[in-house]
Amino acid sequence: MFGFIGVLVVLAVLLLFASVKVLPEYQRGVVLTLGRYTATKGPGLVLLVPVAQRMFRVDLRTTVLDVPPQDVISRDNVSVRVNAVVYFRVVEPDKSVLQVENFLQATSQLAQTRLRSVLGQHELDEILSQRDSINQTLQVILDQATDPWGIKVATVEIKDVDLNETMVRAIARQAEAERERRAKVIHAEGELQAAEKLRDAAATLAQQPQALQLRYLQTLADMSTSGKSSTVVFPLPLDLVRPLLDASPARPGG
């Protein structure tokens, strides 16, 4: 008699432990009664009907999903390896249990396929220089795809873009050629600006002949003070010589 009562007491204690659940603040419990969804409970103390009810715990905290490196062929037929990270969280616990078998694995596989699909639509230069735009596009696509599962994708970040050595050398040559092109353009622009300034200076001197004479004298002063040359070239304006030529007598028979 006492043995039977002891067994009943043990069974009652086990059923009590099976029916009482405690959920922390960051978890919710999806309760199924006889296989049918009945409620989402928590946080705190949750009482279940033994045998008839079953509860699935769902974590509501942000999950960091590391997308493994993917081999991607860009639009300009360049092979690269790209990996990324996805930040998401469960906002509807019932859908994350009822609509998908394993939402973590499903999100991971979806992120891998969408990463290859989106990057395949861009050229290599765009992948390297427009990461913010590509990250935003991936976030929108993944958020829309996982919405039926009760998941909110907050951020998608491309971490690394690995290129083979041949492509790295080609990009280095391209960057060097681009720098040389910019240097030549800047030099040509400088020459153009200098020519424009010389033109303006010549126009100003032409309006004031005395200024030209002063410029000649300044040039002579600079040459005399330099002390590095034993030859002095004296520029003689034609305006000074022309009166002498006009006053000279004409040759006989001229």
# chains A, B, ... in the order shown; residues from 1 in each chain; ligands from 1

call {"tool": "residues_around", "arguments": {"residues": "Gln112 (chain A)", "least_positions_apart": "3", "cutoff": "12 Å", "atoms": "only C-alpha atoms", "output": "NGL selection string"}}
result
:A and (65-72 or 81-86 or 105-109 or 115-119 or 138 or 142 or 156 or 158)

call {"tool": "residues_around", "arguments": {"residues": "Val80 (chain A)", "least_positions_apart": "5", "cutoff": "8 Å", "atoms": "only C-alpha atoms", "output": "PDB file with all heavy atoms, in the first residue's frame"}}
result
ATOM      1  N   ASP A  71      31.500  31.618 -53.576  1.00  0.00           N
ATOM      2  CA  ASP A  71      32.134  31.883 -54.867  1.00  0.00           C
ATOM      3  C   ASP A  71      31.120  32.587 -55.767  1.00  0.00           C
ATOM      4  O   ASP A  71      30.062  32.028 -56.074  1.00  0.00           O
ATOM      5  CB  ASP A  71      32.606  30.593 -55.521  1.00  0.00           C
ATOM      6  CG  ASP A  71      33.758  29.953 -54.751  1.00  0.00           C
ATOM      7  OD1 ASP A  71      34.583  30.706 -54.212  1.00  0.00           O
ATOM      8  OD2 ASP A  71      33.816  28.707 -54.685  1.00  0.00           O
ATOM      9  N   VAL A  72      31.459  33.803 -56.173  1.00  0.00           N
ATOM     10  CA  VAL A  72      30.545  34.643 -56.937  1.00  0.00           C
ATOM     11  C   VAL A  72      31.205  35.012 -58.252  1.00  0.00           C
ATOM     12  O   VAL A  72      32.400  35.334 -58.291  1.00  0.00           O
ATOM     13  CB  VAL A  72      30.176  35.922 -56.150  1.00  0.00           C
ATOM     14  CG1 VAL A  72      29.258  36.809 -56.963  1.00  0.00           C
ATOM     15  CG2 VAL A  72      29.530  35.558 -54.818  1.00  0.00           C
ATOM     16  N   ILE A  73      30.422  34.965 -59.339  1.00  0.00           N
ATOM     17  CA  ILE A  73      30.858  35.449 -60.645  1.00  0.00           C
ATOM     18  C   ILE A  73      30.159  36.787 -60.882  1.00  0.00           C
ATOM     19  O   ILE A  73      28.942  36.848 -60.995  1.00  0.00           O
ATOM     20  CB  ILE A  73      30.519  34.458 -61.776  1.00  0.00           C
ATOM     21  CG1 ILE A  73      31.146  33.093 -61.488  1.00  0.00           C
ATOM     22  CG2 ILE A  73      31.009  34.999 -63.117  1.00  0.00           C
ATOM     23  CD1 ILE A  73      32.653  33.095 -61.452  1.00  0.00           C
ATOM     24  N   SER A  74      30.943  37.858 -60.935  1.00  0.00           N
ATOM     25  CA  SER A  74      30.373  39.186 -61.125  1.00  0.00           C
ATOM     26  C   SER A  74      29.861  39.345 -62.549  1.00  0.00           C
ATOM     27  O   SER A  74      30.061  38.488 -63.411  1.00  0.00           O
ATOM     28  CB  SER A  74      31.412  40.264 -60.814  1.00  0.00           C
ATOM     29  OG  SER A  74      32.492  40.173 -61.715  1.00  0.00           O
ATOM     30  N   VAL A 161      35.987  40.656 -49.431  1.00  0.00           N
ATOM     31  CA  VAL A 161      35.931  40.321 -50.849  1.00  0.00           C
ATOM     32  C   VAL A 161      37.337  39.885 -51.248  1.00  0.00           C
ATOM     33  O   VAL A 161      38.250  40.711 -51.307  1.00  0.00           O
ATOM     34  CB  VAL A 161      35.462  41.509 -51.707  1.00  0.00           C
ATOM     35  CG1 VAL A 161      35.448  41.122 -53.185  1.00  0.00           C
ATOM     36  CG2 VAL A 161      34.076  41.972 -51.277  1.00  0.00           C
ATOM     37  N   ASP A 162      37.520  38.588 -51.477  1.00  0.00           N
ATOM     38  CA  ASP A 162      38.841  38.038 -51.785  1.00  0.00           C
ATOM     39  C   ASP A 162      38.992  37.856 -53.288  1.00  0.00           C
ATOM     40  O   ASP A 162      38.124  37.274 -53.950  1.00  0.00           O
ATOM     41  CB  ASP A 162      39.034  36.688 -51.083  1.00  0.00           C
ATOM     42  CG  ASP A 162      39.019  36.825 -49.563  1.00  0.00           C
ATOM     43  OD1 ASP A 162      39.422  37.910 -49.082  1.00  0.00           O
ATOM     44  OD2 ASP A 162      38.606  35.870 -48.886  1.00  0.00           O
ATOM     45  N   LEU A 163      40.120  38.360 -53.809  1.00  0.00           N
ATOM     46  CA  LEU A 163      40.447  38.236 -55.230  1.00  0.00           C
ATOM     47  C   LEU A 163      41.704  37.393 -55.382  1.00  0.00           C
ATOM     48  O   LEU A 163      42.547  37.332 -54.482  1.00  0.00           O
ATOM     49  CB  LEU A 163      40.681  39.618 -55.849  1.00  0.00           C
ATOM     50  CG  LEU A 163      39.551  40.640 -55.715  1.00  0.00           C
ATOM     51  CD1 LEU A 163      40.014  41.995 -56.220  1.00  0.00           C
ATOM     52  CD2 LEU A 163      38.333  40.186 -56.489  1.00  0.00           C
ATOM     53  N   ASN A 164      41.842  36.736 -56.552  1.00  0.00           N
ATOM     54  CA  ASN A 164      43.073  36.000 -56.811  1.00  0.00           C
ATOM     55  C   ASN A 164      44.210  36.967 -57.125  1.00  0.00           C
ATOM     56  O   ASN A 164      43.998  38.146 -57.386  1.00  0.00           O
ATOM     57  CB  ASN A 164      42.874  34.995 -57.952  1.00  0.00           C
ATOM     58  CG  ASN A 164      42.359  35.651 -59.226  1.00  0.00           C
ATOM     59  OD1 ASN A 164      42.828  36.721 -59.614  1.00  0.00           O
ATOM     60  ND2 ASN A 164      41.388  35.027 -59.869  1.00  0.00           N
TER      61      ASN A 164
END

call {"tool": "atom_distance", "arguments": {"atom1": "CA of Val58 (chain A)", "atom2": "CA of Asp94 (chain A)"}}
result
8.8 Å

call {"tool": "closest_residue", "arguments": {"among": "A:Gln99, A:Asp125, A:Trp149, A:Val90", "to": "Gln174 (chain A)", "atoms": "only C-alpha atoms"}}
result
A:Asp125

call {"tool": "closest_atom_pairs", "arguments": {"of": "region 56-163 of chain A", "to": "region 35-39 of chain A", "cutoff": "12 Å", "atoms": "only C-alpha atoms", "output": "tab-separated table"}}
result
residue	atom	partner	partner_atom	distance
A:Phe56	CA	A:Tyr37	CA	10.8
A:Glu92	CA	A:Ala39	CA	11.9
A:Pro93	CA	A:Ala39	CA	10.3
A:Asp94	CA	A:Tyr37	CA	8.2
A:Lys95	CA	A:Tyr37	CA	10.5
A:Val97	CA	A:Tyr37	CA	9.9
A:Leu98	CA	A:Tyr37	CA	8.3
A:Gln99	CA	A:Tyr37	CA	11.8

call {"tool": "select_by_dssp", "arguments": {"residues": "region 50-125 of chain A", "states": "strand (DSSP E or B)", "output": "PyMOL selection string"}}
result
chain A and resi 53-59+63-73+79-90

call {"tool": "select_by_dssp", "arguments": {"residues": "region 12-242 of chain A", "states": "alpha helix (DSSP H)", "output": "PyMOL selection string"}}
result
chain A and resi 12-19+93-98+103-119+124-129+131-146+165-207+209-226+238-242

call {"tool": "closest_residue", "arguments": {"among": "A:Val64, A:Ile151, A:Ala172, A:Val22", "to": "Ser96 (chain A)", "atoms": "only C-alpha atoms"}}
result
A:Ile151

call {"tool": "closest_residue", "arguments": {"among": "A:Leu124, A:Leu16, A:Ile186, A:Leu23", "to": "Leu45 (chain A)", "atoms": "only C-alpha atoms"}}
result
A:Leu23

call {"tool": "atom_distance", "arguments": {"atom1": "CA of Val10 (chain A)", "atom2": "CA of Arg54 (chain A)"}}
result
21.0 Å

call {"tool": "residues_around", "arguments": {"residues": "Val46 (chain A)", "least_positions_apart": "5", "cutoff": "7 Å", "atoms": "only C-alpha atoms", "output": "list in words"}}
result
Val20, Lys21, Val22 and Lys41 of chain A
